[in-house]
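A.B. asks: My file is input-v1.pdb. It has PDB, C-alpha atoms:
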```pdb
ATOM      1  CA  MET Q   1      -2.394  -6.099 -39.888
ATOM      2  CA  GLU Q   2      -2.643  -5.934 -36.111
ATOM      3  CA  GLU Q   3      -5.239  -8.037 -34.372
ATOM      4  CA  LYS Q   4      -7.981  -6.084 -32.594
ATOM      5  CA  ILE Q   5      -8.084  -6.600 -28.865
ATOM      6  CA  LYS Q   6     -11.616  -7.336 -27.710
ATOM      7  CA  SER Q   7     -12.207  -5.292 -24.603
ATOM      8  CA  LEU Q   8     -15.003  -4.522 -22.175
ATOM      9  CA  ILE Q   9     -15.639  -2.158 -19.304
ATOM     10  CA  VAL Q  10     -17.855  -3.395 -16.488
ATOM     11  CA  LEU Q  11     -19.165  -0.236 -14.841
ATOM     12  CA  TYR Q  12     -21.366   0.710 -11.928
ATOM     13  CA  SER Q  13     -21.913   4.469 -11.686
ATOM     14  CA  TYR Q  14     -24.820   5.735  -9.673
ATOM     15  CA  HIS Q  15     -25.084   9.010  -7.759
ATOM     16  CA  HIS Q  16     -23.558  11.641 -10.020
ATOM     17  CA  HIS Q  17     -22.257   9.408 -12.822
ATOM     18  CA  ASN Q  18     -18.684  10.455 -11.986
ATOM     19  CA  THR Q  19     -17.250   7.047 -12.793
ATOM     20  CA  GLU Q  20     -19.293   6.809 -15.980
ATOM     21  CA  LYS Q  21     -17.583   9.985 -17.263
ATOM     22  CA  ILE Q  22     -14.203   8.303 -16.761
ATOM     23  CA  ALA Q  23     -15.408   5.019 -18.304
ATOM     24  CA  LYS Q  24     -16.550   6.878 -21.439
ATOM     25  CA  VAL Q  25     -13.044   8.342 -21.846
ATOM     26  CA  PHE Q  26     -11.526   4.860 -21.567
ATOM     27  CA  SER Q  27     -14.153   3.427 -23.917
ATOM     28  CA  LYS Q  28     -13.412   5.957 -26.641
ATOM     29  CA  ILE Q  29      -9.631   5.479 -26.536
ATOM     30  CA  LEU Q  30      -9.651   1.701 -26.050
ATOM     31  CA  ASP Q  31     -12.582   1.172 -28.456
ATOM     32  CA  THR Q  32     -14.497  -0.839 -25.890
ATOM     33  CA  GLU Q  33     -18.102  -1.348 -24.957
ATOM     34  CA  ILE Q  34     -19.438  -0.538 -21.507
ATOM     35  CA  LYS Q  35     -21.815  -2.849 -19.674
ATOM     36  CA  TRP Q  36     -23.352  -2.637 -16.218
ATOM     37  CA  PRO Q  37     -22.973  -5.668 -13.928
ATOM     38  CA  ASP Q  38     -26.703  -6.483 -14.232
ATOM     39  CA  ASP Q  39     -26.418  -6.527 -18.046
ATOM     40  CA  ILE Q  40     -23.662  -9.092 -18.326
ATOM     41  CA  ASN Q  41     -23.355 -12.763 -17.638
ATOM     42  CA  PRO Q  42     -20.023 -13.585 -15.933
ATOM     43  CA  GLU Q  43     -19.376 -16.228 -18.623
ATOM     44  CA  GLU Q  44     -19.532 -13.521 -21.329
ATOM     45  CA  ILE Q  45     -16.510 -11.860 -19.760
ATOM     46  CA  GLN Q  46     -14.435 -14.864 -20.893
ATOM     47  CA  GLU Q  47     -14.811 -13.637 -24.501
ATOM     48  CA  TYR Q  48     -12.788 -10.475 -23.850
ATOM     49  CA  ASP Q  49      -9.005  -9.981 -23.909
ATOM     50  CA  LEU Q  50      -9.020  -6.888 -21.675
ATOM     51  CA  ILE Q  51     -11.596  -6.011 -19.029
ATOM     52  CA  GLY Q  52     -11.876  -2.796 -17.062
ATOM     53  CA  PHE Q  53     -13.772  -2.884 -13.780
ATOM     54  CA  GLY Q  54     -14.888   0.412 -12.280
ATOM     55  CA  SER Q  55     -17.294   2.083  -9.878
ATOM     56  CA  GLY Q  56     -17.450   4.740  -7.262
ATOM     57  CA  ILE Q  57     -15.921   3.826  -3.936
ATOM     58  CA  TYR Q  58     -18.419   3.019  -1.205
ATOM     59  CA  SER Q  59     -17.127   2.341   2.322
ATOM     60  CA  ALA Q  60     -13.541   1.951   1.018
ATOM     61  CA  LYS Q  61     -14.373  -0.581  -1.727
ATOM     62  CA  HIS Q  62     -15.900  -0.889  -5.188
ATOM     63  CA  ASP Q  63     -19.661  -1.271  -5.476
ATOM     64  CA  GLU Q  64     -21.029  -4.601  -4.261
ATOM     65  CA  SER Q  65     -22.295  -5.464  -7.774
ATOM     66  CA  LEU Q  66     -18.704  -5.525  -9.087
ATOM     67  CA  LEU Q  67     -17.509  -7.638  -6.167
ATOM     68  CA  GLU Q  68     -20.351 -10.092  -6.789
ATOM     69  CA  ILE Q  69     -19.534 -10.427 -10.490
ATOM     70  CA  ALA Q  70     -15.865 -10.993  -9.618
ATOM     71  CA  ASP Q  71     -16.931 -13.835  -7.311
ATOM     72  CA  LYS Q  72     -18.886 -15.470 -10.148
ATOM     73  CA  LEU Q  73     -16.079 -15.321 -12.736
ATOM     74  CA  SER Q  74     -14.499 -18.550 -13.901
ATOM     75  CA  GLU Q  75     -10.785 -19.069 -13.492
ATOM     76  CA  VAL Q  76      -8.716 -17.732 -16.391
ATOM     77  CA  ASN Q  77      -5.124 -17.937 -17.440
ATOM     78  CA  ASN Q  78      -3.344 -14.557 -17.542
ATOM     79  CA  LYS Q  79      -6.313 -12.489 -18.752
ATOM     80  CA  LYS Q  80      -5.630  -8.743 -18.517
ATOM     81  CA  ALA Q  81      -7.752  -6.371 -16.470
ATOM     82  CA  PHE Q  82      -7.573  -2.842 -15.112
ATOM     83  CA  LEU Q  83      -9.361  -1.233 -12.188
ATOM     84  CA  PHE Q  84     -10.682   2.286 -11.847
ATOM     85  CA  SER Q  85     -12.779   4.339  -9.488
ATOM     86  CA  THR Q  86     -13.866   7.779  -8.404
ATOM     87  CA  ALA Q  87     -13.885   8.649  -4.726
ATOM     88  CA  GLY Q  88     -14.440  11.486  -2.320
ATOM     89  CA  ILE Q  89     -10.945  11.130  -0.906
ATOM     90  CA  THR Q  90      -8.109  10.002  -3.162
ATOM     91  CA  GLY Q  91      -4.353   9.487  -3.204
ATOM     92  CA  LYS Q  92      -1.968   6.734  -4.287
ATOM     93  CA  SER Q  93      -2.159   4.692  -1.066
ATOM     94  CA  LYS Q  94      -5.922   5.329  -0.774
ATOM     95  CA  ALA Q  95      -6.519   3.956  -4.297
ATOM     96  CA  VAL Q  96      -4.439   0.872  -3.524
ATOM     97  CA  LYS Q  97      -6.508   0.293  -0.366
ATOM     98  CA  ASP Q  98      -9.870   1.054  -2.072
ATOM     99  CA  HIS Q  99      -9.103  -1.393  -4.896
ATOM    100  CA  THR Q 100      -7.763  -4.203  -2.665
ATOM    101  CA  ILE Q 101     -10.895  -6.356  -2.377
ATOM    102  CA  LEU Q 102     -11.683  -6.313  -6.103
ATOM    103  CA  ARG Q 103      -8.013  -6.728  -7.054
ATOM    104  CA  GLU Q 104      -7.623  -9.781  -4.789
ATOM    105  CA  LYS Q 105     -10.842 -11.379  -6.092
ATOM    106  CA  LEU Q 106      -9.724 -10.960  -9.722
ATOM    107  CA  GLU Q 107      -6.145 -12.079  -9.103
ATOM    108  CA  SER Q 108      -7.426 -15.195  -7.325
ATOM    109  CA  LYS Q 109      -9.247 -16.067 -10.576
ATOM    110  CA  GLY Q 110      -6.072 -15.648 -12.668
ATOM    111  CA  TYR Q 111      -6.501 -12.065 -13.881
ATOM    112  CA  ILE Q 112      -3.429  -9.871 -14.269
ATOM    113  CA  ILE Q 113      -4.161  -6.313 -13.142
ATOM    114  CA  ILE Q 114      -2.150  -4.251 -15.608
ATOM    115  CA  ASP Q 115      -2.935  -0.828 -14.130
ATOM    116  CA  GLU Q 116      -5.252   1.119 -11.837
ATOM    117  CA  PHE Q 117      -6.785   4.598 -11.973
ATOM    118  CA  GLN Q 118      -8.577   6.734  -9.428
ATOM    119  CA  CYS Q 119      -9.668  10.362  -9.374
ATOM    120  CA  LYS Q 120     -11.865  12.542  -7.211
ATOM    121  CA  GLY Q 121     -15.613  12.433  -7.760
ATOM    122  CA  PHE Q 122     -18.402  14.692  -6.534
ATOM    123  CA  ASN Q 123     -19.597  13.060  -3.326
ATOM    124  CA  THR Q 124     -22.841  13.799  -1.491
ATOM    125  CA  ASN Q 125     -23.088  10.519   0.410
ATOM    126  CA  SER Q 126     -24.069  10.339   4.050
ATOM    127  CA  PHE Q 127     -23.591  13.503   6.122
ATOM    128  CA  LEU Q 128     -21.726  15.236   3.255
ATOM    129  CA  ARG Q 129     -25.033  16.129   1.585
ATOM    130  CA  LEU Q 130     -25.797  18.405   4.546
ATOM    131  CA  PHE Q 131     -22.848  20.572   3.466
ATOM    132  CA  GLY Q 132     -23.447  20.379  -0.298
ATOM    133  CA  GLY Q 133     -20.988  17.523  -0.761
ATOM    134  CA  ILE Q 134     -17.281  17.528  -1.586
ATOM    135  CA  ASN Q 135     -15.406  17.716  -4.881
ATOM    136  CA  LYS Q 136     -18.153  19.585  -6.727
ATOM    137  CA  GLY Q 137     -17.283  19.701 -10.429
ATOM    138  CA  ARG Q 138     -15.130  16.546 -10.285
ATOM    139  CA  PRO Q 139     -14.085  14.748 -12.338
ATOM    140  CA  ASN Q 140     -12.840  17.960 -13.948
ATOM    141  CA  ASP Q 141     -10.860  18.662 -17.150
ATOM    142  CA  GLN Q 142      -7.580  17.634 -15.496
ATOM    143  CA  ASP Q 143      -9.132  14.362 -14.298
ATOM    144  CA  ILE Q 144     -10.413  13.690 -17.842
ATOM    145  CA  GLU Q 145      -6.935  14.413 -19.248
ATOM    146  CA  ASN Q 146      -5.380  12.059 -16.682
ATOM    147  CA  ALA Q 147      -7.931   9.380 -17.682
ATOM    148  CA  GLU Q 148      -7.019   9.884 -21.362
ATOM    149  CA  ASN Q 149      -3.315   9.508 -20.563
ATOM    150  CA  PHE Q 150      -4.042   6.372 -18.538
ATOM    151  CA  ALA Q 151      -6.022   4.825 -21.423
ATOM    152  CA  PHE Q 152      -3.350   5.720 -23.999
ATOM    153  CA  LYS Q 153      -0.718   4.099 -21.763
ATOM    154  CA  ILE Q 154      -2.782   0.900 -21.561
ATOM    155  CA  LYS Q 155      -3.309   0.943 -25.338
ATOM    156  CA  GLU Q 156       0.437   1.344 -25.970
ATOM    157  CA  ASN Q 157       1.273  -1.556 -23.670
ATOM    158  CA  LEU Q 158      -1.154  -4.056 -25.205
TER     159      LEU Q 158
END
```
Output the structure of this file as structure tokens.

C.D. replies:
Amino acid sequence: MEEKIKSLIVLYSYHHHNTEKIAKVFSKILDTEIKWPDDINPEEIQEYDLIGFGSGIYSAKHDESLLEIADKLSEVNNKKAFLFSTAGITGKSKAVKDHTILREKLESKGYIIIDEFQCKGFNTNSFLRLFGGINKGRPNDQDIENAENFAFKIKENL
């Protein structure tokens, strides 16, 4: 009988709940609970084998609440984590750049980032709201399918 991996998603999703839609896909496939940064004590995170950290991207980084929780984490030895986000502007190099601060904070604590995911999200921040925003309807069905494939890949590799 295979041992169940205890996993958690730490999520901050605010404006249009774009990132929450993606987190729910991951949660279903990886059989994980979702908690918001304010609802979890950093010490609790130690109890999990796999932790996903995700939010929208604000000023080219994850939400401040995720960065703060990463700062408060204790050092671990080879604990697995994955990063995800939704953003107004996306692309492989953009995701790498957007995830840099959180990735570096987690790696400095001993976390191994096993994979990263990013897709477009409806964005009405700042001046964009004057034009009705960008990426209306995102994440869309293709984004959800990509999120499912990402989660299945993580599950296979555990």

A.B. asks: Between CA of Lys97 in chain Q and CA of Tyr111 in chain Q, what is the distance in Å, rounded to a tenth?

C.D. replies: 18.3 Å

A.B. asks: If the PyMOL selection byres ((chain Q and resi 57-72) around 8) is run on the structure shown, which residues does it catch, given as a ChimeraX atom specification?

C.D. replies: /Q:10-12,37-38,42,53-56,73-74,85-88,97-102,105-106

A.B. asks: In Å, rounded to a single decimal, give me how far CA of Lys92 in chain Q is from CA of Cys119 in chain Q.

C.D. replies: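 We find that CA of Cys119 in chain Q and CA of Lys92 in chain Q lie 9.9 Å from each other.
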
A.B. asks: Let me make sure I understand: among Q:Ala151, Q:Asn78, Q:Leu8, Q:Asn146, which one has the smallest atom-to-atom distance to Ile40 in chain Q if we use only C-alpha atoms?

C.D. replies: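 Smallest separation from Ile40 in chain Q among the options: Q:Leu8.
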
A.B. asks: Between CA of Ile29 in chain Q and CA of Gly91 in chain Q, what distance in Å does the model show, to one decimal?

C.D. replies: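 We find that CA of Ile29 in chain Q and CA of Gly91 in chain Q lie 24.3 Å from each other.
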
A.B. asks: Which residue out of Q:Ile9, Q:Val25, Q:Asp49, Q:Lys155 has the minimum interatomic distance to Leu83 in chain Q when all atoms listed in the file are used?

C.D. replies: Q:Ile9

A.B. asks: I'd like the residues picked by the PyMOL selection byres ((chain Q and resi 31-33) around 8) written out as a list in words, using the chain letters and numbers from the file.

C.D. replies: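 Checking the PyMOL selection byres ((chain Q and resi 31-33) around 8) against this file, the residues are Lys6, Ser7, Leu8, Ile9, Phe26, Ser27, Lys28, Ile29, Leu30, Ile34 and Lys35 of chain Q.
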
A.B. asks: Could the centre and edge lengths of an axis-aligned box, enclosing all atoms of range 69-81 of chain Q in the file with 4 Å extra on each side, be given in Å to one decimal as AutoDock Vina command-line options?

C.D. replies:
```
--center_x -11.4 --center_y -12.7 --center_z -13.0 --size_x 24.2 --size_y 20.7 --size_z 19.4
```

A.B. asks: Contacts of Gly110 in chain Q at 6 Å or less, counting all atoms listed in the file, minus same-chain residues fewer than 6 places along, as a PyMOL selection string?

C.D. replies: chain Q and resi 75-78

A.B. asks: Looking at Q:Ile144, Q:Gly52, Q:Arg138, Q:Thr90, which one is nearest to Arg103 in chain Q, with distances taken over only C-alpha atoms?

C.D. replies: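 Among the listed residues, the smallest separation from Arg103 in chain Q belongs to Q:Gly52.
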
A.B. asks: Q:Lys120, Q:His17, Q:Lys109, Q:Lys24: which is nearest Ile89 in chain Q, counting all atoms listed in the file?

C.D. replies: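 That would be Q:Lys120, the residue with the smallest distance to Ile89 in chain Q.
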
A.B. asks: Pick out the residues sitting within 9 Å of Phe150 in chain Q, and hand them over as a list in words; count all atoms listed in the file, and ignore anything fewer than 6 positions along from it in its own chain.

C.D. replies: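 Skipping anything fewer than 6 positions along the chain leaves Phe26, Asp115, Glu116 and Phe117 of chain Q.
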